[in-house]
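query_35.txt (compact mmCIF, C-alpha atoms) appears below.
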# COMPACT_ATOMS: atom_id res chain seq x y z
CA MET A 1 -60.81 38.11 48.76
CA SER A 2 -62.31 39.62 45.66
CA THR A 3 -61.59 38.10 42.30
CA PHE A 4 -61.92 38.95 38.66
CA ARG A 5 -62.13 36.86 35.53
CA LEU A 6 -58.90 36.35 33.57
CA GLU A 7 -59.14 35.18 29.98
CA ILE A 8 -56.27 34.40 27.66
CA VAL A 9 -57.35 34.08 24.05
CA THR A 10 -55.36 33.14 20.96
CA PRO A 11 -56.64 33.05 17.37
CA GLU A 12 -57.00 29.29 17.70
CA HIS A 13 -58.71 28.88 21.03
CA LYS A 14 -59.23 30.07 24.56
CA VAL A 15 -56.17 29.04 26.53
CA TYR A 16 -57.19 30.12 29.99
CA GLU A 17 -60.34 31.20 31.75
CA LYS A 18 -60.43 31.41 35.53
CA ASP A 19 -61.32 33.70 38.40
CA VAL A 20 -58.12 35.07 39.87
CA ASN A 21 -57.13 37.50 42.62
CA MET A 22 -54.30 39.18 40.83
CA VAL A 23 -52.42 39.00 37.58
CA VAL A 24 -48.86 40.12 36.97
CA VAL A 25 -47.76 40.81 33.41
CA LYS A 26 -44.81 42.32 31.66
CA GLY A 27 -46.03 45.24 29.57
CA VAL A 28 -43.89 47.05 27.02
CA SER A 29 -43.21 49.76 29.57
CA GLY A 30 -42.62 47.56 32.58
CA GLU A 31 -44.19 45.05 34.89
CA LEU A 32 -47.80 45.55 35.91
CA GLY A 33 -49.80 43.99 38.71
CA ILE A 34 -53.53 44.09 38.13
CA MET A 35 -55.99 43.62 40.96
CA PRO A 36 -59.78 43.74 40.93
CA ASN A 37 -61.40 47.10 40.15
CA HIS A 38 -58.43 48.33 38.21
CA ILE A 39 -59.07 51.29 35.94
CA PRO A 40 -59.74 50.20 32.31
CA LEU A 41 -56.40 49.88 30.58
CA VAL A 42 -54.93 48.63 27.33
CA THR A 43 -51.27 47.79 26.92
CA PRO A 44 -49.16 45.69 24.58
CA LEU A 45 -47.24 42.88 26.27
CA LYS A 46 -43.75 41.56 25.98
CA VAL A 47 -43.02 37.92 25.30
CA ALA A 48 -42.90 36.79 28.90
CA PRO A 49 -44.59 34.66 31.53
CA VAL A 50 -47.87 35.88 32.99
CA LYS A 51 -48.51 35.14 36.65
CA ALA A 52 -52.03 34.56 37.90
CA LYS A 53 -52.62 34.50 41.63
CA ILE A 54 -55.48 32.41 42.96
CA GLY A 55 -55.57 32.43 46.75
CA ASN A 56 -52.12 31.33 47.77
CA ASP A 57 -51.42 29.53 44.54
CA ASN A 58 -49.66 30.95 41.53
CA GLU A 59 -50.29 29.81 37.99
CA PHE A 60 -47.98 30.66 35.13
CA ILE A 61 -48.75 31.02 31.48
CA ALA A 62 -46.20 31.73 28.76
CA VAL A 63 -47.69 34.50 26.63
CA HIS A 64 -46.00 35.30 23.35
CA GLY A 65 -46.62 38.96 22.76
CA GLY A 66 -50.08 40.30 22.19
CA PHE A 67 -51.81 42.77 24.44
CA MET A 68 -53.95 43.03 27.53
CA GLU A 69 -57.29 44.69 28.03
CA VAL A 70 -58.27 45.45 31.62
CA ARG A 71 -61.82 46.16 32.73
CA LYS A 72 -63.31 46.49 36.16
CA ASP A 73 -64.24 42.85 36.57
CA LYS A 74 -62.42 41.23 33.70
CA VAL A 75 -58.98 41.02 32.14
CA VAL A 76 -58.52 39.74 28.62
CA ILE A 77 -55.13 38.91 27.20
CA LEU A 78 -55.04 38.52 23.44
CA ALA A 79 -51.92 36.81 22.18
CA GLU A 80 -50.83 35.09 19.01
CA ALA A 81 -49.80 32.11 21.08
CA ALA A 82 -49.91 31.16 24.74
CA GLU A 83 -49.18 28.02 26.69
CA LEU A 84 -49.99 26.93 30.18
CA GLY A 85 -46.89 26.26 32.25
CA ASN A 86 -47.77 22.60 32.52
CA ASP A 87 -48.00 22.14 28.76
CA ILE A 88 -44.53 23.41 28.02
CA ASP A 89 -42.03 20.96 26.63
CA VAL A 90 -38.85 21.96 28.45
CA SER A 91 -36.38 20.05 26.33
CA ARG A 92 -37.89 21.41 23.15
CA ALA A 93 -37.79 24.95 24.47
CA ARG A 94 -34.17 24.47 25.43
CA LEU A 95 -33.30 23.18 21.97
CA ALA A 96 -35.13 26.08 20.38
CA LYS A 97 -33.19 28.48 22.56
CA GLU A 98 -29.84 27.00 21.56
CA ARG A 99 -30.83 27.02 17.91
CA ALA A 100 -31.90 30.65 18.05
CA GLU A 101 -28.70 31.64 19.85
CA ARG A 102 -26.62 29.90 17.22
CA ARG A 103 -28.47 31.71 14.46
CA LEU A 104 -28.03 35.03 16.16
CA ALA A 105 -24.33 34.37 16.55
CA GLN A 106 -24.01 33.77 12.83
CA LYS A 107 -25.58 37.16 12.07
CA GLN A 108 -27.41 36.46 8.85
CA ALA A 109 -29.67 38.83 6.94
CA ASP A 110 -31.89 41.16 8.96
CA MET A 111 -35.08 39.20 8.44
CA ASN A 112 -33.52 36.01 9.76
CA ALA A 113 -31.94 37.76 12.68
CA GLN A 114 -35.28 39.25 13.58
CA ARG A 115 -36.96 35.89 13.45
CA ALA A 116 -34.22 34.23 15.44
CA GLU A 117 -34.50 36.88 18.09
CA LEU A 118 -38.24 36.39 18.35
CA ALA A 119 -37.73 32.65 18.60
CA LEU A 120 -35.13 33.18 21.29
CA ARG A 121 -37.46 35.41 23.27
CA ARG A 122 -40.24 32.85 23.04
CA ALA A 123 -37.96 30.05 24.16
CA ILE A 124 -36.71 32.10 27.09
CA ALA A 125 -40.28 32.98 28.07
CA ARG A 126 -41.18 29.30 28.07
CA LEU A 127 -38.20 28.35 30.19
CA GLU A 128 -38.87 31.20 32.61
CA THR A 129 -42.46 30.09 32.94
CA VAL A 130 -41.34 26.61 33.87
CA ASP A 131 -38.73 27.94 36.29
CA ASP A 132 -41.31 30.16 37.97
CA MET A 133 -43.54 27.24 38.63
CA LYS A 134 -40.97 25.54 40.78
CA MET B 1 -72.24 -13.11 -24.11
CA ALA B 2 -72.19 -10.60 -26.88
CA LYS B 3 -69.22 -8.30 -27.21
CA GLY B 4 -71.24 -5.15 -26.59
CA MET B 5 -72.45 -6.55 -23.31
CA ARG B 6 -69.00 -7.09 -21.96
CA GLU B 7 -68.09 -3.52 -22.71
CA ILE B 8 -71.17 -2.22 -20.95
CA LYS B 9 -70.40 -4.36 -17.96
CA ARG B 10 -66.87 -3.04 -17.76
CA SER B 11 -68.12 0.51 -18.00
CA ILE B 12 -70.57 -0.10 -15.15
CA LYS B 13 -67.78 -1.48 -13.03
CA SER B 14 -65.58 1.54 -13.68
CA LYS B 15 -68.39 3.94 -12.78
CA GLN B 16 -68.96 2.01 -9.59
CA ASN B 17 -65.32 2.45 -8.65
CA THR B 18 -65.46 6.15 -9.33
CA LYS B 19 -68.62 6.45 -7.31
CA GLN B 20 -66.98 4.76 -4.38
CA ILE B 21 -64.14 7.25 -4.45
CA THR B 22 -66.32 10.32 -4.80
CA LYS B 23 -68.58 9.07 -2.04
CA ALA B 24 -65.60 8.64 0.28
CA MET B 25 -64.28 12.09 -0.62
CA GLU B 26 -67.67 13.58 0.07
CA MET B 27 -67.77 12.09 3.53
CA VAL B 28 -64.22 13.10 4.35
CA ALA B 29 -64.97 16.66 3.22
CA ALA B 30 -68.13 16.68 5.34
CA SER B 31 -66.28 15.78 8.51
CA ARG B 32 -63.47 18.24 7.79
CA LEU B 33 -66.03 20.92 7.05
CA ARG B 34 -67.42 20.52 10.52
CA ARG B 35 -63.97 20.88 12.03
CA ALA B 36 -63.14 23.87 9.86
CA GLN B 37 -66.35 25.56 10.93
CA GLU B 38 -65.52 24.94 14.56
CA ALA B 39 -62.09 26.48 14.05
CA ALA B 40 -63.65 29.52 12.41
CA VAL B 41 -66.01 29.91 15.35
CA ALA B 42 -63.18 29.45 17.86
CA ALA B 43 -61.22 32.27 16.24
CA ARG B 44 -64.10 34.68 16.45
CA PRO B 45 -63.68 35.91 20.06
CA TYR B 46 -60.12 36.94 19.27
CA THR B 47 -61.07 38.88 16.16
CA ASP B 48 -64.08 40.49 17.82
CA LYS B 49 -62.13 41.60 20.85
CA MET B 50 -59.34 42.95 18.67
CA LYS B 51 -61.81 44.89 16.59
CA GLU B 52 -63.52 46.27 19.66
CA VAL B 53 -60.31 47.56 21.21
CA VAL B 54 -58.90 48.90 17.95
CA SER B 55 -62.04 50.77 17.06
CA SER B 56 -62.45 52.19 20.54
CA ILE B 57 -58.92 53.55 20.44
CA ALA B 58 -59.19 54.81 16.90
CA SER B 59 -62.43 56.64 17.54
CA ALA B 60 -61.54 57.98 20.97
CA SER B 61 -58.09 59.38 20.38
CA GLY B 62 -56.71 61.31 17.49
CA GLY B 63 -55.39 57.94 16.39
CA SER B 64 -57.44 57.97 13.23
CA LYS B 65 -54.54 59.79 11.63
CA HIS B 66 -52.59 56.57 11.72
CA PRO B 67 -51.33 55.70 8.23
CA MET B 68 -53.03 52.30 8.34
CA LEU B 69 -56.43 53.94 8.70
CA GLN B 70 -56.03 56.58 6.03
CA SER B 71 -56.27 55.97 2.34
CA ARG B 72 -53.65 57.48 0.12
CA PRO B 73 -53.26 57.76 -3.66
CA VAL B 74 -52.93 54.26 -5.03
CA LYS B 75 -49.85 53.55 -7.07
CA LYS B 76 -49.52 49.87 -6.37
CA THR B 77 -52.05 47.37 -5.12
CA ALA B 78 -51.39 44.03 -3.49
CA TYR B 79 -53.81 41.15 -3.65
CA LEU B 80 -53.77 38.42 -1.06
CA VAL B 81 -55.50 35.49 -2.68
CA ILE B 82 -56.60 32.45 -0.73
CA THR B 83 -57.01 29.25 -2.71
CA SER B 84 -56.72 25.55 -1.97
CA ASP B 85 -53.87 23.12 -2.56
CA ARG B 86 -55.98 20.50 -4.23
CA GLY B 87 -58.67 20.59 -6.85
CA LEU B 88 -61.83 18.50 -7.08
CA ALA B 89 -63.68 21.20 -5.22
CA GLY B 90 -66.07 22.39 -7.89
CA GLY B 91 -65.68 26.03 -8.78
CA TYR B 92 -63.91 26.88 -5.55
CA ASN B 93 -60.60 27.95 -7.08
CA ALA B 94 -61.86 28.93 -10.51
CA ASN B 95 -64.40 31.39 -9.11
CA ILE B 96 -62.02 33.28 -6.90
CA LEU B 97 -59.22 33.35 -9.47
CA ARG B 98 -61.58 34.58 -12.17
CA LYS B 99 -62.75 37.34 -9.87
CA VAL B 100 -59.18 38.43 -9.12
CA MET B 101 -58.19 38.35 -12.80
CA GLN B 102 -61.21 40.42 -13.73
CA THR B 103 -60.39 43.05 -11.14
CA ILE B 104 -56.76 43.15 -12.17
CA LYS B 105 -57.69 43.60 -15.81
CA GLU B 106 -60.15 46.35 -15.03
CA LYS B 107 -57.98 48.33 -12.67
CA HIS B 108 -54.44 47.98 -13.85
CA ASN B 109 -52.63 48.69 -17.07
CA SER B 110 -49.18 47.37 -16.32
CA LYS B 111 -47.58 44.75 -14.16
CA ASP B 112 -45.92 47.40 -12.02
CA GLU B 113 -49.23 48.41 -10.57
CA TYR B 114 -50.02 45.24 -8.69
CA ALA B 115 -48.53 42.27 -6.94
CA VAL B 116 -49.97 39.07 -5.61
CA PHE B 117 -49.55 37.21 -2.34
CA VAL B 118 -50.97 33.76 -2.73
CA ILE B 119 -52.00 30.98 -0.38
CA GLY B 120 -52.57 27.56 -1.91
CA ARG B 121 -50.93 25.62 -4.71
CA LYS B 122 -53.80 26.08 -7.16
CA GLY B 123 -53.58 29.83 -7.01
CA ARG B 124 -49.81 29.85 -7.19
CA ASP B 125 -49.77 27.71 -10.33
CA PHE B 126 -52.47 29.84 -11.87
CA PHE B 127 -50.59 33.11 -11.37
CA ALA B 128 -47.22 31.62 -12.23
CA ARG B 129 -48.61 30.41 -15.57
CA ARG B 130 -49.84 33.89 -16.37
CA ASP B 131 -46.57 35.59 -15.42
CA ILE B 132 -48.16 37.59 -12.65
CA PRO B 133 -45.67 38.81 -10.07
CA ILE B 134 -46.00 36.68 -6.93
CA VAL B 135 -44.38 38.26 -3.91
CA ASP B 136 -44.87 35.47 -1.44
CA GLU B 137 -46.68 32.17 -1.29
CA VAL B 138 -47.79 29.62 1.24
CA THR B 139 -48.63 26.11 0.12
CA GLY B 140 -49.32 22.88 1.89
CA LEU B 141 -51.49 24.48 4.54
CA ALA B 142 -52.94 22.00 7.03
CA ASP B 143 -56.67 21.37 7.16
CA SER B 144 -56.89 23.28 10.37
CA PRO B 145 -54.29 26.01 9.85
CA LYS B 146 -52.47 27.57 12.75
CA PHE B 147 -51.96 31.27 13.09
CA SER B 148 -48.20 30.79 12.81
CA ASP B 149 -48.67 29.13 9.37
CA ILE B 150 -49.89 32.31 7.75
CA LYS B 151 -48.31 34.84 10.07
CA ASP B 152 -45.27 35.35 7.83
CA ILE B 153 -47.15 36.03 4.63
CA ALA B 154 -49.68 38.26 6.39
CA ALA B 155 -46.95 40.19 8.18
CA LYS B 156 -45.06 40.63 4.92
CA ALA B 157 -48.10 42.10 3.21
CA VAL B 158 -48.83 44.41 6.13
CA GLN B 159 -45.22 45.53 6.35
CA GLY B 160 -45.28 46.21 2.62
CA PHE B 161 -48.18 48.54 3.23
CA GLU B 162 -46.47 50.25 6.15
CA ALA B 163 -43.30 50.72 4.16
CA GLY B 164 -45.26 52.27 1.31
CA THR B 165 -44.55 49.52 -1.21
CA TYR B 166 -48.28 48.93 -1.58
CA ASP B 167 -50.93 51.56 -1.12
CA GLU B 168 -53.80 49.15 -0.90
CA ILE B 169 -54.13 45.53 0.08
CA HIS B 170 -57.09 43.48 -1.02
CA LEU B 171 -58.06 40.13 0.38
CA ALA B 172 -59.61 37.61 -2.02
CA TYR B 173 -61.27 34.55 -0.55
CA ASN B 174 -64.41 32.49 -0.66
CA GLU B 175 -66.88 33.63 1.90
CA PHE B 176 -68.63 30.74 3.57
CA LYS B 177 -72.40 31.04 3.46
CA ASN B 178 -73.26 27.39 3.88
CA ALA B 179 -72.11 24.01 2.61
CA VAL B 180 -73.57 24.60 -0.87
CA THR B 181 -72.96 28.32 -1.28
CA GLN B 182 -69.59 30.02 -1.22
CA ILE B 183 -69.29 33.56 -2.42
CA PRO B 184 -66.01 34.71 -3.98
CA THR B 185 -65.25 37.93 -2.16
CA LEU B 186 -62.77 40.71 -2.73
CA LYS B 187 -62.36 42.81 0.37
CA GLN B 188 -60.11 45.73 1.19
CA LEU B 189 -57.80 44.80 4.02
CA LEU B 190 -55.70 47.94 4.23
CA PRO B 191 -56.14 50.81 4.75
CA LEU B 192 -58.72 49.84 7.32
CA GLY B 193 -60.74 52.97 6.76
CA GLU B 194 -63.00 54.58 9.30
CA MET B 195 -63.35 52.59 12.45
CA LYS B 196 -66.51 53.08 14.41
CA ALA B 197 -66.70 52.39 18.10
CA GLY B 198 -69.12 49.67 19.13
CA GLY B 199 -71.95 50.19 21.58
CA ASP B 200 -69.87 49.07 24.50
CA LYS B 201 -67.73 52.09 25.19
CA ALA B 202 -65.00 51.90 27.77
CA ASP B 203 -62.63 54.73 28.46
CA TYR B 204 -59.32 53.04 28.56
CA GLU B 205 -56.01 54.20 29.84
CA TYR B 206 -53.26 53.42 27.42
CA GLU B 207 -49.88 52.21 28.44
CA PRO B 208 -47.53 53.77 27.27
CA SER B 209 -49.73 55.90 24.98
CA ALA B 210 -52.72 55.57 22.68
CA GLU B 211 -50.62 55.97 19.55
CA GLU B 212 -48.17 53.36 20.57
CA VAL B 213 -50.84 50.87 21.45
CA LEU B 214 -52.38 51.53 18.07
CA ASN B 215 -49.02 51.04 16.37
CA VAL B 216 -48.79 47.59 17.85
CA LEU B 217 -52.42 46.66 17.46
CA LEU B 218 -53.23 47.67 13.91
CA PRO B 219 -50.76 45.36 12.17
CA LYS B 220 -51.87 42.56 14.45
CA TYR B 221 -55.47 43.29 13.68
CA ALA B 222 -54.80 43.16 9.95
CA GLU B 223 -53.03 39.82 10.37
CA THR B 224 -55.95 38.52 12.36
CA LEU B 225 -58.29 39.49 9.55
CA VAL B 226 -56.14 37.50 7.15
CA PHE B 227 -56.24 34.52 9.47
CA SER B 228 -60.00 34.55 9.78
CA ALA B 229 -60.26 34.79 5.99
CA VAL B 230 -58.01 31.73 5.72
CA LEU B 231 -60.21 29.82 8.15
CA GLU B 232 -63.30 30.82 6.27
CA GLY B 233 -61.61 29.85 3.02
CA LYS B 234 -60.91 26.41 4.45
CA ALA B 235 -64.52 25.95 5.48
CA SER B 236 -65.59 27.05 2.01
CA GLU B 237 -63.14 24.65 0.40
CA PHE B 238 -64.56 21.67 2.23
CA GLY B 239 -68.09 22.84 1.61
CA ALA B 240 -67.37 23.18 -2.09
CA ARG B 241 -65.65 19.82 -2.22
CA MET B 242 -68.48 18.14 -0.37
CA THR B 243 -71.05 19.55 -2.77
CA ALA B 244 -68.97 18.76 -5.84
CA MET B 245 -68.36 15.21 -4.73
CA GLY B 246 -72.00 14.78 -3.74
CA ASN B 247 -72.99 15.78 -7.26
CA ALA B 248 -70.39 13.46 -8.75
CA THR B 249 -71.76 10.58 -6.69
CA LYS B 250 -75.28 11.38 -7.81
CA ASN B 251 -74.24 11.51 -11.45
CA ALA B 252 -72.40 8.22 -11.14
CA THR B 253 -75.50 6.59 -9.64
CA LYS B 254 -77.58 7.83 -12.53
CA MET B 255 -75.10 6.64 -15.12
CA ILE B 256 -74.92 3.25 -13.48
CA ALA B 257 -78.73 2.98 -13.54
CA ASP B 258 -78.87 3.94 -17.22
CA LEU B 259 -76.09 1.55 -18.16
CA THR B 260 -77.67 -1.28 -16.18
CA LEU B 261 -80.85 -0.76 -18.16
CA VAL B 262 -78.97 -0.89 -21.43
CA TYR B 263 -77.10 -3.94 -20.22
CA ASN B 264 -80.28 -5.80 -19.23
CA ARG B 265 -81.87 -4.95 -22.53
CA ALA B 266 -78.88 -6.29 -24.39
CA ARG B 267 -78.90 -9.43 -22.23
CA GLN B 268 -82.58 -10.01 -22.93
CA ALA B 269 -82.08 -9.45 -26.63
CA ALA B 270 -79.29 -12.01 -26.59
CA ILE B 271 -81.49 -14.57 -24.81
CA THR B 272 -84.39 -13.93 -27.15
CA GLN B 273 -82.11 -14.36 -30.09
CA GLU B 274 -80.77 -17.62 -28.73
CA ILE B 275 -84.28 -18.99 -28.19
CA ALA B 276 -85.23 -17.93 -31.67
CA GLU B 277 -82.22 -19.77 -33.04
CA ILE B 278 -83.05 -22.94 -31.10
CA VAL B 279 -86.71 -22.81 -32.15
CA GLY B 280 -85.65 -22.16 -35.71
CA GLY B 281 -83.26 -25.14 -35.59
CA ALA B 282 -85.93 -27.44 -34.09
CA ASN B 283 -88.48 -26.40 -36.68
CA ALA B 284 -86.05 -27.10 -39.47
CA GLN B 285 -85.58 -30.71 -38.25
CA GLN B 286 -89.28 -31.54 -38.26
Give the structure from the file, written as C-alpha cells.
Amino acid sequence: MSTFRLEIVTPEHKVYEKDVNMVVVKGVSGELGIMPNHIPLVTPLKVAPVKAKIGNDNEFIAVHGGFMEVRKDKVVILAEAAELGNDIDVSRARLAKERAERRLAQKQADMNAQRAELALRRAIARLETVDDMK
Amino acid sequence: MAKGMREIKRSIKSKQNTKQITKAMEMVAASRLRRAQEAAVAARPYTDKMKEVVSSIASASGGSKHPMLQSRPVKKTAYLVITSDRGLAGGYNANILRKVMQTIKEKHNSKDEYAVFVIGRKGRDFFARRDIPIVDEVTGLADSPKFSDIKDIAAKAVQGFEAGTYDEIHLAYNEFKNAVTQIPTLKQLLPLGEMKAGGDKADYEYEPSAEEVLNVLLPKYAETLVFSAVLEGKASEFGARMTAMGNATKNATKMIADLTLVYNRARQAAITQEIAEIVGGANAQQ
C-alpha cells in the first residue's frame, strides 16, 4: 500500500511526522480524506481530531485550527496547537469544557464569549480525539 | 591594622560578592540563550511554510487585492514593541525603546496618530511614564514563550488593522545576530506588501476558495511573524544579559586586583612603619 509523509507542525515544535496511508481531516467546508497522489490543495481546518491511517491502525491527533497543505507525496498541517491522542489529559479537557459552557451560558461581552466558544471547541476536539481512539 | 586597610578589605569583599552574582547570572543567561535559540530554530519550519503558502496564493490568484497586502493612507500607526521584564541586560531595552521614541517623534505630531502594544514590563513602564497610549500589554512572559502567550496581543493588533483602527503596524524588537550583537530593528508588520512566490511553485487547489483561504491565513501569518520576533527578542535578551554580566564580572575582577594591590601596599607600609618604630625604640635605649 502506498504511503505519504504526514507532518503536523506548530509554532513551538513538530508534533507528528510519520508515513501514513490516508489522513482524514475536517476542513472548513467539510470532511476530507486525503490519499497518496492527491492533487495539491490548501484548506483551512476546523478545530477537530485528525485521523491518520497506517495499515490497519488509526492514530488520532487533536488539531486546533490551522490549515493543511497537500502535495503529491506529502501533507503538512500547520496549527497553532496540536496534541497526540495519547498526550491528552481527559479530566482537564472535561473541566475546560464545563468551564467554557458555564461562561457561554452567562453570556458576557462579545470578546469573552468568543474566547469561551473557542475554548469549548478545543475541549470538545480533545475529548472527541480520545473517544475516537477507543 | 590601620583603619584604611580595613576599609579596603571590606571593599574587596563586597566586590567579590558582586562578582559571584554577576558570574552566576552570566552562566544562567548562557544556558537560557541556548534554549531560546533552539526555540527560535524550532519555530522556523512553521513560519517558512506559512510564508511559502501565503506568497504562492497571493501571487497566483488575484488575492493581492486583499486589504492586508495593500498599503493605504496612514492616519494611525501602531507599534508592537518587544522588551524584557527584567533589566541587567546591557542596552537591550534602552536601545529598542530609544529607537521607537525617535521614530515616534519624527513621524507623529499628536498622540492620536499612534498607539503602542507592548510586551515586557520594562517597555510598559517606559511608555506609561511618558504618557504614551498603551493599547495592550503582556508581561511576565516565560523564558520559552508559548504561542498562546502572545496570541491575544498579536491578534488584537491584527484585528485593529483589519478593522481600520490602525493603518500600519510596526514591529520593534532586537534582532539576534549573535551573543554579543543585537540589532534594534523596526519592521513593518502590516500591510505585508508585495508577496513574491518562492522558487518552489505548486499549483494548489483551494478549498473553499483562494480568497477565503487567504482570509484565514493572512492574520495567522502576521501573528506568526510576531511570535518569531518574540522568540528572537528572547534570544537577544539572554545574549545581551550574558554579555553585560560577562563584562561586569571582568570589571569586578579588575577592581579586585587593583584593590588587592593597594591593600598589600598599605599592609607593607604598616609593617615597615612598625619595624621602624621598633628599631627607633631600640636605638633610643642604647
If you count all atoms listed in the file, the residue of B:Thr22, B:Thr47, B:Thr165, B:Asn93 closest to Val74 in chain B turns out to be B:Thr165
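In this structure, CA of Met255 in chain B sits 16.5 Å away from CA of Arg6 in chain B.
Residues with any atom within 6 Å of Val25 in chain A, counting all atoms listed in the file and excluding same-chain neighbours fewer than 5 positions away, are Glu31, Leu32 and Val50 of chain A.
Proximity ranking of B:Glu162, B:Glu52, B:Asp167, B:Asp136 relative to chain A places B:Glu52 first, based on only C-alpha atoms.
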* To do: Would you kindly return, as a count of residues only, each protein, DNA or RNA residue with an atom no farther than 10 Å from any atom of Val216 in chain B, considering all atoms listed in the file and excluding same-chain residues fewer than 2 positions away?
  => 13
Per residue of chain A within 9 Å of chain B, what are the shortest atom pair and its distance in Å to one decimal, counting all atoms listed in the file, with rows by chain and residue number, as a Markdown table?
| residue | atom | partner | partner_atom | distance |
| --- | --- | --- | --- | --- |
| A:Val9 | CA | B:Tyr46 | CA | 6.2 |
| A:Thr10 | CA | B:Tyr46 | CA | 6.3 |
| A:Pro11 | CA | B:Ala43 | CA | 4.8 |
| A:Glu12 | CA | B:Ala43 | CA | 5.4 |
| A:His13 | CA | B:Ala42 | CA | 5.5 |
| A:Lys14 | CA | B:Ala42 | CA | 7.8 |
| A:Gly27 | CA | B:Glu207 | CA | 8.0 |
| A:Val28 | CA | B:Pro208 | CA | 7.6 |
| A:Ser29 | CA | B:Pro208 | CA | 6.3 |
| A:Ile39 | CA | B:Glu205 | CA | 7.4 |
| A:Pro40 | CA | B:Tyr204 | CA | 4.7 |
| A:Leu41 | CA | B:Glu205 | CA | 4.4 |
| A:Val42 | CA | B:Tyr206 | CA | 5.1 |
| A:Thr43 | CA | B:Glu207 | CA | 4.9 |
| A:Pro44 | CA | B:Val213 | CA | 6.3 |
| A:Gly66 | CA | B:Lys220 | CA | 8.3 |
| A:Phe67 | CA | B:Leu217 | CA | 8.0 |
| A:Glu69 | CA | B:Val53 | CA | 8.0 |
| A:Val70 | CA | B:Tyr204 | CA | 8.3 |
| A:Arg71 | CA | B:Ala202 | CA | 8.2 |
| A:Val76 | CA | B:Lys49 | CA | 8.8 |
| A:Leu78 | CA | B:Tyr46 | CA | 6.8 |
| A:Ala79 | CA | B:Tyr46 | CA | 8.7 |
| A:Glu80 | CA | B:Phe147 | CA | 7.1 |
| A:Ala81 | CA | B:Phe147 | CA | 8.3 |
Next, dump the selected residues to file, keeping only C-alpha atoms, as a PDB file, keeping the file's coordinate frame.
ATOM      1  CA  VAL A   9     -57.350  34.080  24.050  1.00  0.00           C
ATOM      2  CA  THR A  10     -55.360  33.140  20.960  1.00  0.00           C
ATOM      3  CA  PRO A  11     -56.640  33.050  17.370  1.00  0.00           C
ATOM      4  CA  GLU A  12     -57.000  29.290  17.700  1.00  0.00           C
ATOM      5  CA  HIS A  13     -58.710  28.880  21.030  1.00  0.00           C
ATOM      6  CA  LYS A  14     -59.230  30.070  24.560  1.00  0.00           C
ATOM      7  CA  GLY A  27     -46.030  45.240  29.570  1.00  0.00           C
ATOM      8  CA  VAL A  28     -43.890  47.050  27.020  1.00  0.00           C
ATOM      9  CA  SER A  29     -43.210  49.760  29.570  1.00  0.00           C
ATOM     10  CA  ILE A  39     -59.070  51.290  35.940  1.00  0.00           C
ATOM     11  CA  PRO A  40     -59.740  50.200  32.310  1.00  0.00           C
ATOM     12  CA  LEU A  41     -56.400  49.880  30.580  1.00  0.00           C
ATOM     13  CA  VAL A  42     -54.930  48.630  27.330  1.00  0.00           C
ATOM     14  CA  THR A  43     -51.270  47.790  26.920  1.00  0.00           C
ATOM     15  CA  PRO A  44     -49.160  45.690  24.580  1.00  0.00           C
ATOM     16  CA  GLY A  66     -50.080  40.300  22.190  1.00  0.00           C
ATOM     17  CA  PHE A  67     -51.810  42.770  24.440  1.00  0.00           C
ATOM     18  CA  GLU A  69     -57.290  44.690  28.030  1.00  0.00           C
ATOM     19  CA  VAL A  70     -58.270  45.450  31.620  1.00  0.00           C
ATOM     20  CA  ARG A  71     -61.820  46.160  32.730  1.00  0.00           C
ATOM     21  CA  VAL A  76     -58.520  39.740  28.620  1.00  0.00           C
ATOM     22  CA  LEU A  78     -55.040  38.520  23.440  1.00  0.00           C
ATOM     23  CA  ALA A  79     -51.920  36.810  22.180  1.00  0.00           C
ATOM     24  CA  GLU A  80     -50.830  35.090  19.010  1.00  0.00           C
ATOM     25  CA  ALA A  81     -49.800  32.110  21.080  1.00  0.00           C
TER      26      ALA A  81
END
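For Arg5 in chain A, the list of residues within 6 Å, based on only C-alpha atoms and with local chain neighbours fewer than 4 positions off taken out, reads Lys18, Asp19 and Lys74 of chain A.
Between CA of Lys177 in chain B and CA of Lys254 in chain B the separation is 28.7 Å.
For Pro36 in chain A, the list of residues within 9 Å, based on only C-alpha atoms and with local chain neighbours fewer than 4 positions off taken out, reads Ser2, Thr3, Phe4, Val20, Asn21, Met22, Arg71, Lys72, Asp73 and Lys74 of chain A.
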Please save C-alpha atoms of the selected residues as a short mmCIF file (atom, residue, chain, number, x, y, z; two decimals), keeping the file's coordinate frame.
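After the write, part17.cif holds the following:
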data_model
loop_
_atom_site.label_atom_id
_atom_site.label_comp_id
_atom_site.auth_asym_id
_atom_site.auth_seq_id
_atom_site.Cartn_x
_atom_site.Cartn_y
_atom_site.Cartn_z
CA SER A 2 -62.31 39.62 45.66
CA THR A 3 -61.59 38.10 42.30
CA PHE A 4 -61.92 38.95 38.66
CA VAL A 20 -58.12 35.07 39.87
CA ASN A 21 -57.13 37.50 42.62
CA MET A 22 -54.30 39.18 40.83
CA ARG A 71 -61.82 46.16 32.73
CA LYS A 72 -63.31 46.49 36.16
CA ASP A 73 -64.24 42.85 36.57
CA LYS A 74 -62.42 41.23 33.70
#
